[in-house]
Amino acid sequence: MATAPDTRTASAPARAPLLSVRGVKTYYGNIVALRGVDLDVHEGEIVTLIGANGAGKSTLMMTIFGDPRAREGTVLFEGRDITRMPTNEIAKLHIAQAPEGRRIFGRMTVLENLQLGASIADPAFFAADLERVLTLFPRLKERLHQRGGTLSGGEQQMLAIGRALLARPRLLLLDEPSLGLAPLLVRQIFAAIRELNEREKLTVFLVEQNAFHALKLAHRGYVMVNGEITLSGSSRELLNRPEVRAAYLEGGRH
Amino acid sequence: MAHQAQSRLPAFDVRRALKSGALAALVAFGLFSLLIGLRTEQGPTGALILVPRPWELFWLVVAAFVGSFLRELVRGEQGAALARMVPAPVRNVVTQVAPYFGYALLAFAVAVPMIFYSNRYLLDLSIQILTYVMLGWGLNIVVGLAGLLDLGYVAFYAVGAYSYALLAQNFGLSFWICLPLAGILAAFWGVLLGFPVLRLRGDYLAIVTLAFGEIIRLVLINWQSFTGGPNGISGIARPSFFGLPFTAADDGFAATFGLEFSPNHRVVFLYYLILILALVTNAVAIRLRRLPIGRAWEALREDEIACRSLGINTTNTKLTAFAIGAMFGGFAGSFFATRQGFISPESFTFGESALVLAIVVLGGMGSQIGVAVAAAVMLGGFELFREFEQYRMLVFGFAMVSIMIWRPRGLVATRLPSVFLKERKLVSADMVSEGRG
Ligand SMILES: Nc1ncnc2c1ncn2[C@@H]1O[C@H](COP(=O)(O)OP(=O)(O)OP(=O)(O)O)[C@@H](O)[C@H]1O
Ligand SMILES: [Mg+2]
């Protein structure tokens, strides 16, 4: 399948992208998961990656984080090659993620989880940042001393995002934040992401199954099939493409 | 509430209990019919003959039946109903007193030498218990906080003891110089063990640490020229009271303070020494838990991948856990050496590691008080059953099984959060599913 013509030249900033993935190939043992992926995320953008189950979306997100490492190709963050950096060093560059499966620290309290999110941030900002996250997700405020593992699925998702935000990210990676959530909560979380992007110019890379919502939210999108990017373009354009409509938007706009 | 509960006795599900008892009896019969039911003895011609022991077998099966029957009877709602029958005032007192239990325990520990001054036997036992409390608190950092299952903790105890003994004998250094050195050496070995096991978790980690403990012991046995081999090291310098030896001499402790010489002075001194060492271990562990490193340990226990993606260096986090845990093991080891005056590899078998681990697990992983109580109960229990040497292990096993049935997360299974915004709140372990992770 041919890659769609690049339509963002008109709107995209001329500066070098914040994150740039070039020809990345990732393997699990001998099984190839990514077959040469190219992708850019510019400062201040929300970029979404959609694709079917097992397409390799989570793999790409984890490859950006260095675990698993790309066998070929490069990942550049602010022009710096991070392909071979250990995960914890990559995190120190203020790339934060709310990973697939949320990965909350179940036996620790919500507050402790949030504190751990701030591990790499300057402690001087902690109090103010915490306040902002709790305003964004008031549900967490009521449950500060509850164990992470006892939160509901949606609350855990809020905690995962809140924890990532406390790292004061320059780039926020979200893996399927809408997974398993009620439509109202999905809207709330997406509204929160939009607000962060508009108010604080937070750059977001969003992996989603919920293609309609994701493309409504994002500025640009990529479609991944079987470890390859098959389509890319502005969100509006992708929303109108017949292939996208057929594969990801049939069955209505949830 | 309490009145209602008293008036309405819980309905016991006898049928279910009978069924469970019968099943247990069947299993016991299957297990013991050969093990206990038959015994080989030397016959008159010198050949082995089989002697049946039906009664022993019978009583064991009956015991299994009764135990399982009773357990099933007071399980779940019935058990809770029975607990409700405890009068409300008593329960209130218990919940009110509970937070002060630690202080009461501490006050008692401080007072022990005064109360039991002339009871040498009890003092010795208390010193032994405190040694294990300290070891338990040290291991708790590795197992309870960082979640790294270490079956070879005794190795660091041994390193500490031998470091002290060898340093004191070969260089004539005093206890107070050897103590930190022994701790540092043990911490060094902790890091050394940490490196190869960085990638291991759970069962695999347990096996390697177990092997490490055995390797250290075998080296101690076989390196005759350095460690004295199986004969060990004897005549290890006793500690002095800041330079004053505990002897009847004119420059001894008793003479200097104008006291009548008594061999108990040294025992009391040793008691307070180990009490202080244990309290330092406790204070450091509690303090570290509130620092970023302690939080990182706990996060590591929960989810290693999430840790890394939050920017936590899991390598360093693990190594510091091993090193600090090992350091306290080393301190305890040098105390052990100076107290005994004699050490040999026999004191550092796997059984010791298992005992310390059992103390940590029974106490409730991560709970400081629980560990102290578990150490006192286990060692005190061992002493109580000293006459029934043969049955000690049986009682030990029975206690373990009982605790795992009734308190699967240890005696004190509540985890106190390390940070609060406003008010203090306990997070009960009952709010989450069984903690097997
Ligand atoms: N640890 C692993 N070992 C082996 N294969 C893996 C591993 N993780 C993922 N895979 C495989 O790699 C492929 C891509 O998986 P990935 O998790 O990236 O998919 P995804 O696009 O995130 O799917 P989903 O939308 O269901 O989350 C799948 O075929 C999966 O089976
Ligand atoms: Mg995925």
# chains A, B, ... in the order shown; residues from 1 in each chain; ligands from 1
call {"tool": "closest_atom_pairs", "arguments": {"of": "chain A", "to": "ligand 2", "cutoff": "12 Å", "atoms": "only C-alpha atoms and all ligand atoms", "output": "Markdown table"}}
result
| residue | atom | partner | partner_atom_place_in_ligand_line | distance |
| --- | --- | --- | --- | --- |
| A:Ala33 | CA | ligand 2 | 1 (Mg) | 11.8 |
| A:Leu49 | CA | ligand 2 | 1 (Mg) | 10.7 |
| A:Ile50 | CA | ligand 2 | 1 (Mg) | 10.0 |
| A:Gly51 | CA | ligand 2 | 1 (Mg) | 9.4 |
| A:Ala52 | CA | ligand 2 | 1 (Mg) | 9.1 |
| A:Asn53 | CA | ligand 2 | 1 (Mg) | 7.0 |
| A:Gly54 | CA | ligand 2 | 1 (Mg) | 6.9 |
| A:Ala55 | CA | ligand 2 | 1 (Mg) | 8.1 |
| A:Gly56 | CA | ligand 2 | 1 (Mg) | 7.0 |
| A:Lys57 | CA | ligand 2 | 1 (Mg) | 5.5 |
| A:Ser58 | CA | ligand 2 | 1 (Mg) | 4.0 |
| A:Thr59 | CA | ligand 2 | 1 (Mg) | 7.1 |
| A:Leu60 | CA | ligand 2 | 1 (Mg) | 9.2 |
| A:Met61 | CA | ligand 2 | 1 (Mg) | 8.8 |
| A:Met62 | CA | ligand 2 | 1 (Mg) | 9.8 |
| A:Ala98 | CA | ligand 2 | 1 (Mg) | 11.8 |
| A:Pro99 | CA | ligand 2 | 1 (Mg) | 8.9 |
| A:Glu100 | CA | ligand 2 | 1 (Mg) | 6.1 |
| A:Gly101 | CA | ligand 2 | 1 (Mg) | 8.8 |
| A:Arg102 | CA | ligand 2 | 1 (Mg) | 11.3 |
| A:Leu174 | CA | ligand 2 | 1 (Mg) | 10.4 |
| A:Asp175 | CA | ligand 2 | 1 (Mg) | 6.7 |
| A:Glu176 | CA | ligand 2 | 1 (Mg) | 7.2 |
| A:Pro177 | CA | ligand 2 | 1 (Mg) | 10.6 |
| A:Ser178 | CA | ligand 2 | 1 (Mg) | 11.9 |
| A:Leu179 | CA | ligand 2 | 1 (Mg) | 10.0 |
| A:Leu206 | CA | ligand 2 | 1 (Mg) | 11.2 |
| A:Val207 | CA | ligand 2 | 1 (Mg) | 7.8 |
| A:Glu208 | CA | ligand 2 | 1 (Mg) | 8.4 |
| A:Gln209 | CA | ligand 2 | 1 (Mg) | 8.8 |
| A:Met224 | CA | ligand 2 | 1 (Mg) | 11.7 |
call {"tool": "interface_residues", "arguments": {"of": "chain B", "to": "chain A", "cutoff": "7 Å", "atoms": "only C-alpha atoms", "output": "compact mmCIF listing (two decimals) with N, CA, C and O atoms, in the first residue's frame"}}
result
# COMPACT_ATOMS: atom_id res chain seq x y z
N ALA B 299 8.15 0.48 44.75
CA ALA B 299 7.64 0.49 43.38
C ALA B 299 8.25 -0.66 42.60
O ALA B 299 7.58 -1.32 41.80
N GLU B 302 6.46 -3.72 43.08
CA GLU B 302 5.17 -3.77 42.42
C GLU B 302 5.29 -3.97 40.91
O GLU B 302 4.56 -4.76 40.35
N ASP B 303 6.13 -3.20 40.26
CA ASP B 303 6.19 -3.27 38.80
C ASP B 303 7.51 -2.68 38.30
O ASP B 303 7.70 -1.48 38.30
N ALA B 306 7.25 -0.46 34.95
CA ALA B 306 6.71 0.88 35.21
C ALA B 306 7.77 1.75 35.88
O ALA B 306 7.91 2.92 35.58
N ARG B 308 11.00 1.64 35.54
CA ARG B 308 11.99 2.12 34.58
C ARG B 308 11.42 3.25 33.74
O ARG B 308 12.11 4.23 33.47
N SER B 309 10.15 3.13 33.35
CA SER B 309 9.64 4.17 32.47
C SER B 309 9.32 5.44 33.25
O SER B 309 8.97 6.45 32.66
N LEU B 310 9.43 5.40 34.58
CA LEU B 310 9.31 6.64 35.35
C LEU B 310 10.69 7.23 35.63
O LEU B 310 10.82 8.18 36.38
N GLY B 311 11.71 6.62 35.05
CA GLY B 311 13.05 7.17 35.19
C GLY B 311 13.81 6.65 36.38
O GLY B 311 14.85 7.20 36.75
N ILE B 312 13.30 5.60 37.00
CA ILE B 312 14.01 5.04 38.16
C ILE B 312 15.04 4.04 37.66
O ILE B 312 14.74 3.17 36.84
N ASN B 313 16.25 4.18 38.15
CA ASN B 313 17.32 3.27 37.75
C ASN B 313 17.16 1.98 38.56
O ASN B 313 17.54 1.92 39.73
N PRO B 417 0.92 3.88 54.67
CA PRO B 417 1.47 4.68 53.57
C PRO B 417 2.66 5.50 54.05
O PRO B 417 2.73 5.88 55.21
N VAL B 419 3.48 8.41 53.01
CA VAL B 419 3.28 9.85 52.90
C VAL B 419 1.80 10.17 53.07
O VAL B 419 0.94 9.41 52.66
N VAL B 427 -4.26 1.85 55.53
CA VAL B 427 -4.80 1.16 54.37
C VAL B 427 -4.77 -0.32 54.70
O VAL B 427 -3.72 -0.91 54.85
N VAL B 432 -7.45 -5.39 49.44
CA VAL B 432 -6.99 -5.96 48.18
C VAL B 432 -7.02 -7.48 48.26
O VAL B 432 -7.11 -8.05 49.33
call {"tool": "residues_around", "arguments": {"residues": "B:Ile233", "least_positions_apart": "4", "cutoff": "12 Å", "atoms": "only C-alpha atoms", "output": "list in words"}}
result
Ala161, Tyr162, Ser163, Tyr164, Ala165, Leu166, Leu167, Ala168, Gln169, Asn170, Leu220, Ile221, Gln224, Ser225, Phe226, Thr227, Gly228, Gly229, Ala237, Ala337, Thr338, Gln340, Gly341, Phe342, Ile343, Ser344, Pro345, Glu346 and Ser347 of chain B
call {"tool": "atom_distance", "arguments": {"atom1": "atom CA of B:Leu273", "atom2": "atom CA of B:Pro245"}}
result
14.7 Å
call {"tool": "residues_around", "arguments": {"residues": "stretch 96-109 of chain B", "least_positions_apart": "5", "cutoff": "12 Å", "atoms": "only C-alpha atoms", "output": "ChimeraX atom specification"}}
result
/B:89-91,114-116,123,126-127,129-130,133,268,271-272,274-276,278-279,282,367-373,376,412,416,426
call {"tool": "select_by_dssp", "arguments": {"residues": "stretch 24-256 of chain B", "states": "strand (DSSP E)", "output": "list of chain:residue names"}}
result
B:Leu38, B:Arg39, B:Thr40, B:Glu41, B:Gln42, B:Leu48, B:Ile49, B:Leu50, B:Val51, B:Pro52, B:Ile233, B:Ser234
call {"tool": "atom_distance", "arguments": {"atom1": "atom CA of A:Leu172", "atom2": "atom CA of A:Thr48"}}
result
11.6 Å
call {"tool": "closest_residue", "arguments": {"among": "A:Val47, A:Gly79, A:Leu159, A:Pro123", "to": "B:Pro292", "atoms": "only C-alpha atoms"}}
result
A:Pro123
call {"tool": "closest_residue", "arguments": {"among": "A:Leu181, A:Leu239, A:Val223, A:Leu202", "to": "ligand 1", "atoms": "only C-alpha atoms and all ligand atoms"}}
result
A:Val223
call {"tool": "residues_around", "arguments": {"residues": "B:Leu31", "least_positions_apart": "4", "cutoff": "12 Å", "atoms": "only C-alpha atoms", "output": "list in words"}}
result
Ala24, Ala25, Leu26, Val27, Leu35, Ile36, Gly37, Leu38, Leu57, Leu60, Val61 and Ala64 of chain B
call {"tool": "select_by_dssp", "arguments": {"residues": "stretch 34-161 of chain A", "states": "helix (DSSP H, G or I)", "output": "ChimeraX atom specification"}}
result
/A:57-64,87-92,110-117,123-136,138-142,148-150,153-161
call {"tool": "closest_residue", "arguments": {"among": "A:Ile161, A:Val32, A:Leu196, A:Val186", "to": "ligand 1", "atoms": "only C-alpha atoms and all ligand atoms"}}
result
A:Val32
call {"tool": "closest_residue", "arguments": {"among": "A:Gly36, A:Gly221, A:Gly29, A:Pro138", "to": "ligand 1", "atoms": "only C-alpha atoms and all ligand atoms"}}
result
A:Gly29
call {"tool": "residues_around", "arguments": {"residues": "B:Arg392", "least_positions_apart": "3", "cutoff": "12 Å", "atoms": "only C-alpha atoms", "output": "list of chain:residue names"}}
result
B:Met378, B:Leu379, B:Gly380, B:Gly381, B:Phe382, B:Glu383, B:Leu384, B:Phe385, B:Arg386, B:Glu387, B:Phe388, B:Glu389, B:Val395, B:Phe396, B:Gly397, B:Phe398, B:Ala399
call {"tool": "atom_distance", "arguments": {"atom1": "atom CA of B:Ile184", "atom2": "atom CA of B:Ala158"}}
result
13.3 Å
call {"tool": "residues_around", "arguments": {"residues": "A:Gly73", "least_positions_apart": "2", "cutoff": "8 Å", "atoms": "only C-alpha atoms", "output": "list in words"}}
result
Val21, Arg22, Gly23, Val24, Lys25, Gly36, Ala70, Arg71 and Val75 of chain A
call {"tool": "closest_residue", "arguments": {"among": "B:Asp250, B:Arg120, B:Ala332, B:Ala155", "to": "B:His265", "atoms": "only C-alpha atoms"}}
result
B:Arg120
